[in-house]
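The structure under discussion appears below in the form of structure tokens.
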Amino acid sequence: MPPAAKFLLDDVSYYYGDQAALAHVNLEIPDREILAIIGPGMSGKSTLLRILNRLSDLATEGRLEGRVLLDGKDIHDADISVTDLRRRVGIVFAVPVPLPLSIWENVAYGPQLRRGVRKEELDSLVERSLRAAAVWDEVKDRLQEPAVALSGGQQQRLCLARVLALEPEVILLDEPCSGLDPISTMKVEGALLALKEDHCIVIVPHNVQQASRIGDKVAFLLSGELVEHGEAEQVFTTPQDPRTDDYITGRFG
Amino acid sequence: MKVRRYTTQKVAFAIITAAAVGVVIPLVLVLAYIVVQGIGVVKWEFISAMPRGGMREGGILPALVGTIWLTIGTAVTSIPLGVGGGIYLSEYAPDNSLTRTIRMAIINLAGVPSVVYGLFGLGLFVIFLRFGMSIIAGSLTLGIMTLPVIISTTEQALRGVPQSFRVVNASLGGTTWQGIRRVTLRQAIPGIMTGIILGLERAAGETAPILFTVAAFFLPRLPHSVFDQTMALPYHLFVISTQVPGMPIQIQYGTALVLLVFVLTMNVLATLIRRYYRRRRQW
């Protein structure tokens, strides 16, 4: 039985001013799998991610058309709280941005926004999150130190841990490894493969190789149009659209 | 070519250095002159006793206490409003005609001459609201005058905090207010503090706004409540320098010295607070 759809995009278009960043995208995002969204720059990949947890709301000149359903419910419904939605759908950015706080405070930031979370619970949540993000061993002795003192690779895994501490259902990642060395990249990918056991993961990989390494499903975006999507294996070996073939074989992009 | 380039650089460097040093000269001269002239009379009695003999003898206690009251009153009236306004403009205000009007108003408010604030305070607080000449009327007048400084420095300090922190806060399910309280405001505190103290410092030294709203010519007792009139250092200095014949010149300079020390102490305080926050923030 195929995994149930976590997200359903129903004819979604997104405009910055009168510039269309996404045009009539229909997409099912399954639970407990990794969906890799590939495509050349400016094809709407980041925009698509930001729509899923309504970070796109922050762009005041942006405009969305179509429906985005999470577990069958429209995320723009009046009774959906945007802060709750963002706790359920966490995001990791291309450039890690540690908050100007300690390592511990960074990871505990999200949970602390809720009322009545006990310190001991937080401690164990912080540890679990850092372990799941494969960075615990490197930071366990310096949890009270400023997070900016960490290396780039550690900061990115810290940011992943910060999202995991929200105990989200969906994890979005926007080129999380673009600035990382191969070792750190391997650690992040390992963490993601473990996390997909009980999370829905949507990643914009920084190259096609990463998509083929960790993606279960692949979606190919080109200039805001969803050209093709399906099982990773099938998209990479027998793409249906010649443009997909051109892109993954490196003829452009 | 090379030699000429270096010569030009050296000359320019010398001129710029001279200009920078030049800035210090008037300050040093003013300070030195007032200290030399006034230090003789500034003893414990001078700052702890009532004026006597038509202000030609005794101390300046009521004026000093009055200025302290007014500075606290100004802080109480202008800090909450000013910081709140700055937070609104930086973090919440959409870019529309209303907020553009507010911004314009603040800029213009900062340009209004202080004597006009004094007249406004007389009309609104002293007469219309029936506060009479009182500490509360003077504090409110000085507070309004200080508002634009505090609002703009608060807004600037907040705008200096990277936008990415706000995005991260939102992405972790934080409300705008949670982001302000936990991250943005904390980062901006040193800048905000500087603005507040610079504003209060100016208010403490102003004469015109208190002239019609609170300052007494001669009132040898301490205020009991905010509805009392009081003497204040800047106005007292004006009075003894121009309105009292046969005034010993040392008392004038002594008073100026006390006012100067009062204001400079606030300055030092601002620096210390800034340094404290900067040391606590290691990033």
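Each chain of the structure tokens is named A, B, ... in the order shown, its residues numbered from 1; ligands are numbered from 1 in display order.
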
### Query
Taking only C-alpha atoms into account, which residues of chain A are within 8 Å of chain B, as a list in words?
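Written out as asked, the residues are Asn53, Leu55, Val82, Thr83, Asp84, Leu85, Arg86, Arg87, Gly90, Ile91, Val97, Leu99, Pro100, Tyr109, Gly110, Leu113, Pro146, Val148, Val163 and Leu166 of chain A.
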
### Per-residue DSSP, stretch 4-182 of chain A, filtered to helix (DSSP H, G or I), as a ChimeraX atom specification
/A:45-52,55-58,82-88,103-112,119-132,136-139,147-149,152-164,182

Write the selection just made, keeping C-alpha atoms, as an mmCIF file, in the first residue's frame?
data_model
loop_
_atom_site.group_PDB
_atom_site.id
_atom_site.type_symbol
_atom_site.label_atom_id
_atom_site.label_comp_id
_atom_site.auth_asym_id
_atom_site.auth_seq_id
_atom_site.Cartn_x
_atom_site.Cartn_y
_atom_site.Cartn_z
ATOM 1 C CA LYS A 45 11.775 25.485 -5.558
ATOM 2 C CA SER A 46 12.297 27.712 -2.516
ATOM 3 C CA THR A 47 8.957 29.386 -3.097
ATOM 4 C CA LEU A 48 7.249 25.991 -3.076
ATOM 5 C CA LEU A 49 8.897 25.088 0.252
ATOM 6 C CA ARG A 50 7.926 28.393 1.852
ATOM 7 C CA ILE A 51 4.318 27.984 0.779
ATOM 8 C CA LEU A 52 4.104 24.696 2.673
ATOM 9 C CA LEU A 55 6.612 31.490 5.496
ATOM 10 C CA SER A 56 5.619 32.919 2.116
ATOM 11 C CA ASP A 57 3.148 35.063 4.094
ATOM 12 C CA LEU A 58 6.119 37.202 5.145
ATOM 13 C CA VAL A 82 -0.055 29.871 11.439
ATOM 14 C CA THR A 83 2.262 29.438 14.439
ATOM 15 C CA ASP A 84 0.910 25.910 15.018
ATOM 16 C CA LEU A 85 1.340 25.152 11.319
ATOM 17 C CA ARG A 86 4.994 26.215 11.428
ATOM 18 C CA ARG A 87 5.599 23.987 14.444
ATOM 19 C CA ARG A 88 4.134 21.061 12.511
ATOM 20 C CA ILE A 103 23.523 26.183 21.696
ATOM 21 C CA TRP A 104 21.016 24.916 24.261
ATOM 22 C CA GLU A 105 18.801 27.995 23.917
ATOM 23 C CA ASN A 106 18.803 27.659 20.139
ATOM 24 C CA VAL A 107 17.496 24.102 20.236
ATOM 25 C CA ALA A 108 15.042 24.864 23.035
ATOM 26 C CA TYR A 109 13.808 28.044 21.330
ATOM 27 C CA GLY A 110 10.772 26.538 19.593
ATOM 28 C CA PRO A 111 9.512 24.412 22.516
ATOM 29 C CA GLN A 112 10.037 27.337 24.929
ATOM 30 C CA LYS A 119 13.225 22.402 32.258
ATOM 31 C CA GLU A 120 13.909 18.651 32.585
ATOM 32 C CA GLU A 121 11.683 17.895 29.621
ATOM 33 C CA LEU A 122 13.528 20.544 27.653
ATOM 34 C CA ASP A 123 16.912 19.084 28.578
ATOM 35 C CA SER A 124 15.973 15.656 27.286
ATOM 36 C CA LEU A 125 14.275 17.129 24.215
ATOM 37 C CA VAL A 126 17.411 19.148 23.414
ATOM 38 C CA GLU A 127 19.569 16.059 23.765
ATOM 39 C CA ARG A 128 17.287 13.874 21.637
ATOM 40 C CA SER A 129 17.114 16.535 18.915
ATOM 41 C CA LEU A 130 20.861 17.061 18.816
ATOM 42 C CA ARG A 131 21.410 13.289 18.665
ATOM 43 C CA ALA A 132 18.940 12.886 15.818
ATOM 44 C CA TRP A 136 25.288 15.760 19.934
ATOM 45 C CA ASP A 137 28.765 14.321 20.425
ATOM 46 C CA GLU A 138 30.360 17.477 19.096
ATOM 47 C CA VAL A 139 28.428 19.934 21.273
ATOM 48 C CA ALA A 147 25.951 28.887 18.852
ATOM 49 C CA VAL A 148 27.838 31.104 16.387
ATOM 50 C CA ALA A 149 31.104 29.639 17.701
ATOM 51 C CA GLY A 152 29.358 25.890 9.453
ATOM 52 C CA GLY A 153 28.604 22.176 9.297
ATOM 53 C CA GLN A 154 27.824 22.030 13.009
ATOM 54 C CA GLN A 155 25.627 25.135 12.746
ATOM 55 C CA GLN A 156 23.588 23.513 9.978
ATOM 56 C CA ARG A 157 23.051 20.355 12.016
ATOM 57 C CA LEU A 158 22.196 22.576 15.013
ATOM 58 C CA CYS A 159 19.542 24.245 12.856
ATOM 59 C CA LEU A 160 18.210 20.812 11.935
ATOM 60 C CA ALA A 161 18.131 19.910 15.642
ATOM 61 C CA ARG A 162 16.316 23.177 16.364
ATOM 62 C CA VAL A 163 13.608 22.134 13.908
ATOM 63 C CA LEU A 164 13.478 18.568 15.284
ATOM 64 C CA PRO A 182 31.421 16.191 2.193
#

### Non-local contacts of A:Asp10 (10 Å; only C-alpha atoms; under 4 positions in same chain excluded) as a PyMOL selection string
chain A and resi 24-28+65-69

For the residues in the current selection, export N, CA and C atoms as a compact mmCIF listing (two decimals), in the first residue's frame.
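In the end it all went to out07.txt:
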# COMPACT_ATOMS: atom_id res chain seq x y z
N HIS A 24 0.26 26.72 -11.59
CA HIS A 24 -0.64 25.57 -11.65
C HIS A 24 0.05 24.26 -11.28
N VAL A 25 0.62 24.24 -10.09
CA VAL A 25 1.32 23.03 -9.64
C VAL A 25 0.33 22.10 -8.94
N ASN A 26 0.27 20.86 -9.39
CA ASN A 26 -0.50 19.82 -8.71
C ASN A 26 0.48 18.77 -8.23
N LEU A 27 0.51 18.54 -6.92
CA LEU A 27 1.54 17.66 -6.39
C LEU A 27 1.05 16.98 -5.12
N GLU A 28 1.32 15.68 -5.03
CA GLU A 28 1.05 14.94 -3.81
C GLU A 28 2.37 14.68 -3.12
N GLU A 65 -2.48 31.40 -5.23
CA GLU A 65 -3.75 30.89 -5.75
C GLU A 65 -3.73 29.38 -5.62
N GLY A 66 -4.91 28.78 -5.54
CA GLY A 66 -4.99 27.34 -5.40
C GLY A 66 -5.06 26.95 -3.93
N ARG A 67 -5.09 25.62 -3.69
CA ARG A 67 -5.25 25.16 -2.31
C ARG A 67 -4.07 24.28 -1.91
N VAL A 68 -3.66 24.43 -0.65
CA VAL A 68 -2.62 23.57 -0.10
C VAL A 68 -3.23 22.82 1.08
N LEU A 69 -3.32 21.48 0.95
CA LEU A 69 -3.96 20.70 2.00
C LEU A 69 -2.91 19.93 2.79

#### Entry: Residue neighbourhood A:Asn207, 9 Å, only C-alpha atoms, exclusion window fewer than 5 positions, as a list in words
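In the requested form, the answer reads Ile38, Gly39, Glu175 and Ser178 of chain A.
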
Since we have the selection now, will you write its residues out, keeping C-alpha atoms, as an mmCIF file, in the first residue's frame?
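What ended up in part.cif:
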data_model
loop_
_atom_site.group_PDB
_atom_site.id
_atom_site.type_symbol
_atom_site.label_atom_id
_atom_site.label_comp_id
_atom_site.auth_asym_id
_atom_site.auth_seq_id
_atom_site.Cartn_x
_atom_site.Cartn_y
_atom_site.Cartn_z
ATOM 1 C CA ILE A 38 15.048 19.586 -8.389
ATOM 2 C CA GLY A 39 15.349 22.235 -11.053
ATOM 3 C CA GLU A 175 19.649 23.302 0.020
ATOM 4 C CA SER A 178 25.099 23.828 -0.115
#

Just asking: which residues within stretch 11-169 of chain A are strand (DSSP E) according to DSSP, as a compact mmCIF listing (two decimals) with N, CA and C atoms, in the first residue's frame?
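Just written: out-v2.txt:
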# COMPACT_ATOMS: atom_id res chain seq x y z
N ASP A 11 -3.62 22.78 -7.79
CA ASP A 11 -3.57 23.89 -8.74
C ASP A 11 -2.98 25.15 -8.09
N VAL A 12 -1.78 25.02 -7.53
CA VAL A 12 -1.17 26.12 -6.79
C VAL A 12 -0.33 27.01 -7.70
N SER A 13 -0.64 28.30 -7.69
CA SER A 13 0.18 29.29 -8.38
C SER A 13 0.62 30.34 -7.37
N TYR A 14 1.79 30.92 -7.60
CA TYR A 14 2.26 31.94 -6.68
C TYR A 14 2.90 33.07 -7.47
N TYR A 15 2.51 34.29 -7.11
CA TYR A 15 2.99 35.45 -7.85
C TYR A 15 3.73 36.41 -6.92
N TYR A 16 4.89 36.88 -7.37
CA TYR A 16 5.52 38.05 -6.74
C TYR A 16 5.16 39.24 -7.61
N GLN A 19 4.75 38.74 -11.42
CA GLN A 19 5.69 37.71 -11.87
C GLN A 19 5.26 36.36 -11.27
N ALA A 20 5.00 35.38 -12.11
CA ALA A 20 4.59 34.08 -11.60
C ALA A 20 5.82 33.27 -11.21
N ALA A 21 5.88 32.86 -9.93
CA ALA A 21 7.00 32.02 -9.49
C ALA A 21 6.63 30.55 -9.57
N LEU A 22 5.34 30.27 -9.43
CA LEU A 22 4.83 28.90 -9.58
C LEU A 22 3.55 28.98 -10.40
N ALA A 23 3.36 28.04 -11.32
CA ALA A 23 2.17 28.09 -12.16
C ALA A 23 1.47 26.74 -12.16
N HIS A 24 0.26 26.72 -11.59
CA HIS A 24 -0.64 25.57 -11.65
C HIS A 24 0.05 24.26 -11.28
N VAL A 25 0.62 24.24 -10.09
CA VAL A 25 1.32 23.03 -9.64
C VAL A 25 0.33 22.10 -8.94
N ASN A 26 0.27 20.86 -9.39
CA ASN A 26 -0.50 19.82 -8.71
C ASN A 26 0.48 18.77 -8.23
N LEU A 27 0.51 18.54 -6.92
CA LEU A 27 1.54 17.66 -6.39
C LEU A 27 1.05 16.98 -5.12
N GLU A 28 1.32 15.68 -5.03
CA GLU A 28 1.05 14.94 -3.81
C GLU A 28 2.37 14.68 -3.12
N ILE A 29 2.45 15.00 -1.83
CA ILE A 29 3.69 14.73 -1.10
C ILE A 29 3.39 13.64 -0.08
N PRO A 30 3.99 12.46 -0.26
CA PRO A 30 3.67 11.33 0.63
C PRO A 30 4.32 11.47 1.99
N ILE A 34 11.09 10.77 1.40
CA ILE A 34 11.81 12.00 1.07
C ILE A 34 11.45 12.40 -0.36
N LEU A 35 10.88 13.59 -0.49
CA LEU A 35 10.63 14.14 -1.82
C LEU A 35 11.74 15.14 -2.12
N ALA A 36 12.44 14.94 -3.24
CA ALA A 36 13.47 15.90 -3.65
C ALA A 36 12.91 16.75 -4.78
N ILE A 37 12.98 18.07 -4.58
CA ILE A 37 12.51 18.97 -5.63
C ILE A 37 13.73 19.51 -6.36
N ILE A 38 13.87 19.14 -7.64
CA ILE A 38 15.05 19.59 -8.39
C ILE A 38 14.62 20.57 -9.47
N GLY A 62 3.68 39.05 -2.18
CA GLY A 62 3.38 37.75 -2.77
C GLY A 62 1.89 37.44 -2.75
N ARG A 63 1.45 36.57 -3.68
CA ARG A 63 0.03 36.23 -3.76
C ARG A 63 -0.09 34.77 -4.17
N LEU A 64 -0.93 34.05 -3.44
CA LEU A 64 -1.09 32.62 -3.67
C LEU A 64 -2.46 32.31 -4.27
N GLU A 65 -2.48 31.40 -5.23
CA GLU A 65 -3.75 30.89 -5.75
C GLU A 65 -3.73 29.38 -5.62
N GLY A 66 -4.91 28.78 -5.54
CA GLY A 66 -4.99 27.34 -5.40
C GLY A 66 -5.06 26.95 -3.93
N ARG A 67 -5.09 25.62 -3.69
CA ARG A 67 -5.25 25.16 -2.31
C ARG A 67 -4.07 24.28 -1.91
N VAL A 68 -3.66 24.43 -0.65
CA VAL A 68 -2.62 23.57 -0.10
C VAL A 68 -3.23 22.82 1.08
N LEU A 69 -3.32 21.48 0.95
CA LEU A 69 -3.96 20.70 2.00
C LEU A 69 -2.91 19.93 2.79
N LEU A 70 -2.98 20.04 4.13
CA LEU A 70 -2.12 19.25 5.01
C LEU A 70 -3.04 18.29 5.75
N LYS A 73 -6.56 19.10 5.13
CA LYS A 73 -7.15 20.36 5.58
C LYS A 73 -6.38 21.54 5.00
N ASP A 74 -7.11 22.52 4.47
CA ASP A 74 -6.48 23.68 3.85
C ASP A 74 -5.70 24.49 4.90
N VAL A 89 5.30 22.01 10.61
CA VAL A 89 6.06 21.96 9.36
C VAL A 89 7.31 22.81 9.52
N GLY A 90 8.42 22.19 9.95
CA GLY A 90 9.65 22.94 10.22
C GLY A 90 10.47 23.12 8.96
N ILE A 91 11.33 24.15 8.98
CA ILE A 91 12.15 24.40 7.79
C ILE A 91 13.61 24.66 8.17
N VAL A 92 14.52 24.12 7.37
CA VAL A 92 15.96 24.37 7.52
C VAL A 92 16.43 25.12 6.28

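We find atom CA of B:Gln163 and atom CA of B:Gly86 to be spaced 16.3 Å apart.
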
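For stretch 187-203 of chain A, the non-local neighbours within 6 Å, defined as residues at least 6 positions apart in the same chain or in other chains and counting only C-alpha atoms, are Asp31, Arg32, Glu33, Ile34, Leu35, Ala36, Ala133, Glu169, Val170, Ile171, Leu172 and Leu173 of chain A.
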
Convert the current residue selection to file output with N, CA and C atoms, as a PDB file, in the first residue's frame.
ATOM      1  N   ASP A  31       3.708  10.841   2.984  1.00  0.00           N
ATOM      2  CA  ASP A  31       4.286  10.822   4.329  1.00  0.00           C
ATOM      3  C   ASP A  31       5.396   9.761   4.376  1.00  0.00           C
ATOM      4  N   ARG A  32       6.298   9.886   5.346  1.00  0.00           N
ATOM      5  CA  ARG A  32       7.367   8.903   5.580  1.00  0.00           C
ATOM      6  C   ARG A  32       8.210   8.608   4.349  1.00  0.00           C
ATOM      7  N   GLU A  33       8.410   9.646   3.557  1.00  0.00           N
ATOM      8  CA  GLU A  33       9.298   9.513   2.402  1.00  0.00           C
ATOM      9  C   GLU A  33      10.033  10.827   2.216  1.00  0.00           C
ATOM     10  N   ILE A  34      11.092  10.772   1.396  1.00  0.00           N
ATOM     11  CA  ILE A  34      11.805  11.997   1.067  1.00  0.00           C
ATOM     12  C   ILE A  34      11.453  12.396  -0.358  1.00  0.00           C
ATOM     13  N   LEU A  35      10.877  13.589  -0.494  1.00  0.00           N
ATOM     14  CA  LEU A  35      10.634  14.140  -1.817  1.00  0.00           C
ATOM     15  C   LEU A  35      11.736  15.142  -2.117  1.00  0.00           C
ATOM     16  N   ALA A  36      12.439  14.937  -3.237  1.00  0.00           N
ATOM     17  CA  ALA A  36      13.467  15.896  -3.648  1.00  0.00           C
ATOM     18  C   ALA A  36      12.912  16.746  -4.780  1.00  0.00           C
ATOM     19  N   ALA A 133      20.089  14.863  14.979  1.00  0.00           N
ATOM     20  CA  ALA A 133      20.724  15.672  13.938  1.00  0.00           C
ATOM     21  C   ALA A 133      22.212  15.363  13.817  1.00  0.00           C
ATOM     22  N   GLU A 169       5.866  17.286  12.046  1.00  0.00           N
ATOM     23  CA  GLU A 169       5.436  16.146  11.232  1.00  0.00           C
ATOM     24  C   GLU A 169       6.133  16.182   9.877  1.00  0.00           C
ATOM     25  N   VAL A 170       6.430  17.413   9.433  1.00  0.00           N
ATOM     26  CA  VAL A 170       7.055  17.595   8.127  1.00  0.00           C
ATOM     27  C   VAL A 170       8.344  18.393   8.314  1.00  0.00           C
ATOM     28  N   ILE A 171       9.404  18.008   7.606  1.00  0.00           N
ATOM     29  CA  ILE A 171      10.649  18.780   7.650  1.00  0.00           C
ATOM     30  C   ILE A 171      10.964  19.248   6.233  1.00  0.00           C
ATOM     31  N   LEU A 172      11.084  20.554   6.075  1.00  0.00           N
ATOM     32  CA  LEU A 172      11.449  21.137   4.791  1.00  0.00           C
ATOM     33  C   LEU A 172      12.916  21.531   4.843  1.00  0.00           C
ATOM     34  N   LEU A 173      13.655  21.259   3.782  1.00  0.00           N
ATOM     35  CA  LEU A 173      15.068  21.643   3.767  1.00  0.00           C
ATOM     36  C   LEU A 173      15.402  22.309   2.442  1.00  0.00           C
TER      37      LEU A 173
END

Pick out the residues sitting within 9 Å of B:Met266, and hand them over as a short mmCIF file (atom, residue, chain, number, x, y, z; two decimals) with C-alpha atoms, in the first residue's frame; count only C-alpha atoms, and ignore anything fewer than 2 positions along from it in its own chain.
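Dumped everything to result19.cif:
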data_model
loop_
_atom_site.label_atom_id
_atom_site.label_comp_id
_atom_site.auth_asym_id
_atom_site.auth_seq_id
_atom_site.Cartn_x
_atom_site.Cartn_y
_atom_site.Cartn_z
CA ILE B 197 20.26 58.53 27.91
CA LEU B 198 21.20 61.03 25.21
CA LEU B 200 17.32 62.45 28.96
CA GLU B 201 20.64 64.24 29.12
CA VAL B 261 28.75 66.81 36.30
CA PHE B 262 25.12 65.69 36.53
CA VAL B 263 24.87 65.37 32.76
CA LEU B 264 28.30 63.80 32.33
CA VAL B 268 29.26 57.65 31.84
CA LEU B 269 26.33 55.58 33.02
CA ALA B 270 25.26 55.08 29.40
CA THR B 271 28.73 53.93 28.46
#

### Query
What gap, in Å, lies between atom CA of B:Val65 and atom CA of B:Gly143?
18.0 Å

### Query
Taking into account only C-alpha atoms, which residue in the set B:Leu211, B:Ala75, B:Leu27, B:Ala49 is nearest to B:Thr146?
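Of B:Leu211, B:Ala75, B:Leu27, B:Ala49, the one nearest B:Thr146, counting only C-alpha atoms, is B:Ala75.
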
### Message
Quick check, in Å to one decimal: how far apart do atom CA of B:Leu89 and atom CA of B:Thr101 lie?
### Response
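Separating atom CA of B:Leu89 from atom CA of B:Thr101 is a distance of 11.5 Å.
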
### Task
Extract, using only C-alpha atoms, all DNA, RNA and protein residues at most 9 Å from stretch 227-235 of chain A, discarding same-chain residues fewer than 6 positions from it, and format them as JSON, numbers by chain.
{"A": [27, 35, 36, 37, 211, 212, 215, 216, 217, 218, 219, 220, 221, 241, 243, 244, 245]}

Okay, now the selection with N, CA and C atoms, as a short mmCIF file (atom, residue, chain, number, x, y, z; two decimals), in the first residue's frame?
data_model
loop_
_atom_site.label_atom_id
_atom_site.label_comp_id
_atom_site.auth_asym_id
_atom_site.auth_seq_id
_atom_site.Cartn_x
_atom_site.Cartn_y
_atom_site.Cartn_z
N LEU A 27 0.51 18.54 -6.92
CA LEU A 27 1.54 17.66 -6.39
C LEU A 27 1.05 16.98 -5.12
N LEU A 35 10.88 13.59 -0.49
CA LEU A 35 10.63 14.14 -1.82
C LEU A 35 11.74 15.14 -2.12
N ALA A 36 12.44 14.94 -3.24
CA ALA A 36 13.47 15.90 -3.65
C ALA A 36 12.91 16.75 -4.78
N ILE A 37 12.98 18.07 -4.58
CA ILE A 37 12.51 18.97 -5.63
C ILE A 37 13.73 19.51 -6.36
N ALA A 211 19.88 14.40 -4.82
CA ALA A 211 18.50 13.96 -5.03
C ALA A 211 18.46 12.46 -5.27
N SER A 212 19.43 11.96 -6.07
CA SER A 212 19.40 10.53 -6.38
C SER A 212 19.85 9.71 -5.18
N GLY A 215 16.55 10.78 -2.35
CA GLY A 215 15.14 10.98 -2.70
C GLY A 215 14.40 9.68 -2.97
N ASP A 216 13.19 9.53 -2.38
CA ASP A 216 12.31 8.43 -2.76
C ASP A 216 11.51 8.86 -3.98
N LYS A 217 11.02 10.11 -3.89
CA LYS A 217 10.30 10.69 -5.01
C LYS A 217 11.09 11.91 -5.49
N VAL A 218 10.91 12.23 -6.76
CA VAL A 218 11.58 13.42 -7.30
C VAL A 218 10.56 14.25 -8.07
N ALA A 219 10.62 15.56 -7.86
CA ALA A 219 9.78 16.46 -8.64
C ALA A 219 10.70 17.43 -9.37
N PHE A 220 10.45 17.64 -10.66
CA PHE A 220 11.31 18.52 -11.46
C PHE A 220 10.55 19.79 -11.81
N LEU A 221 11.04 20.92 -11.30
CA LEU A 221 10.42 22.21 -11.56
C LEU A 221 11.25 22.97 -12.59
N ASP A 241 9.72 13.31 -19.78
CA ASP A 241 9.77 14.57 -20.53
C ASP A 241 11.21 14.82 -20.98
N ARG A 243 12.74 17.50 -21.37
CA ARG A 243 13.41 18.56 -20.58
C ARG A 243 14.02 17.97 -19.30
N THR A 244 13.31 17.02 -18.69
CA THR A 244 13.85 16.36 -17.50
C THR A 244 15.15 15.64 -17.85
N ASP A 245 15.09 14.92 -18.96
CA ASP A 245 16.28 14.19 -19.42
C ASP A 245 17.45 15.14 -19.61
#
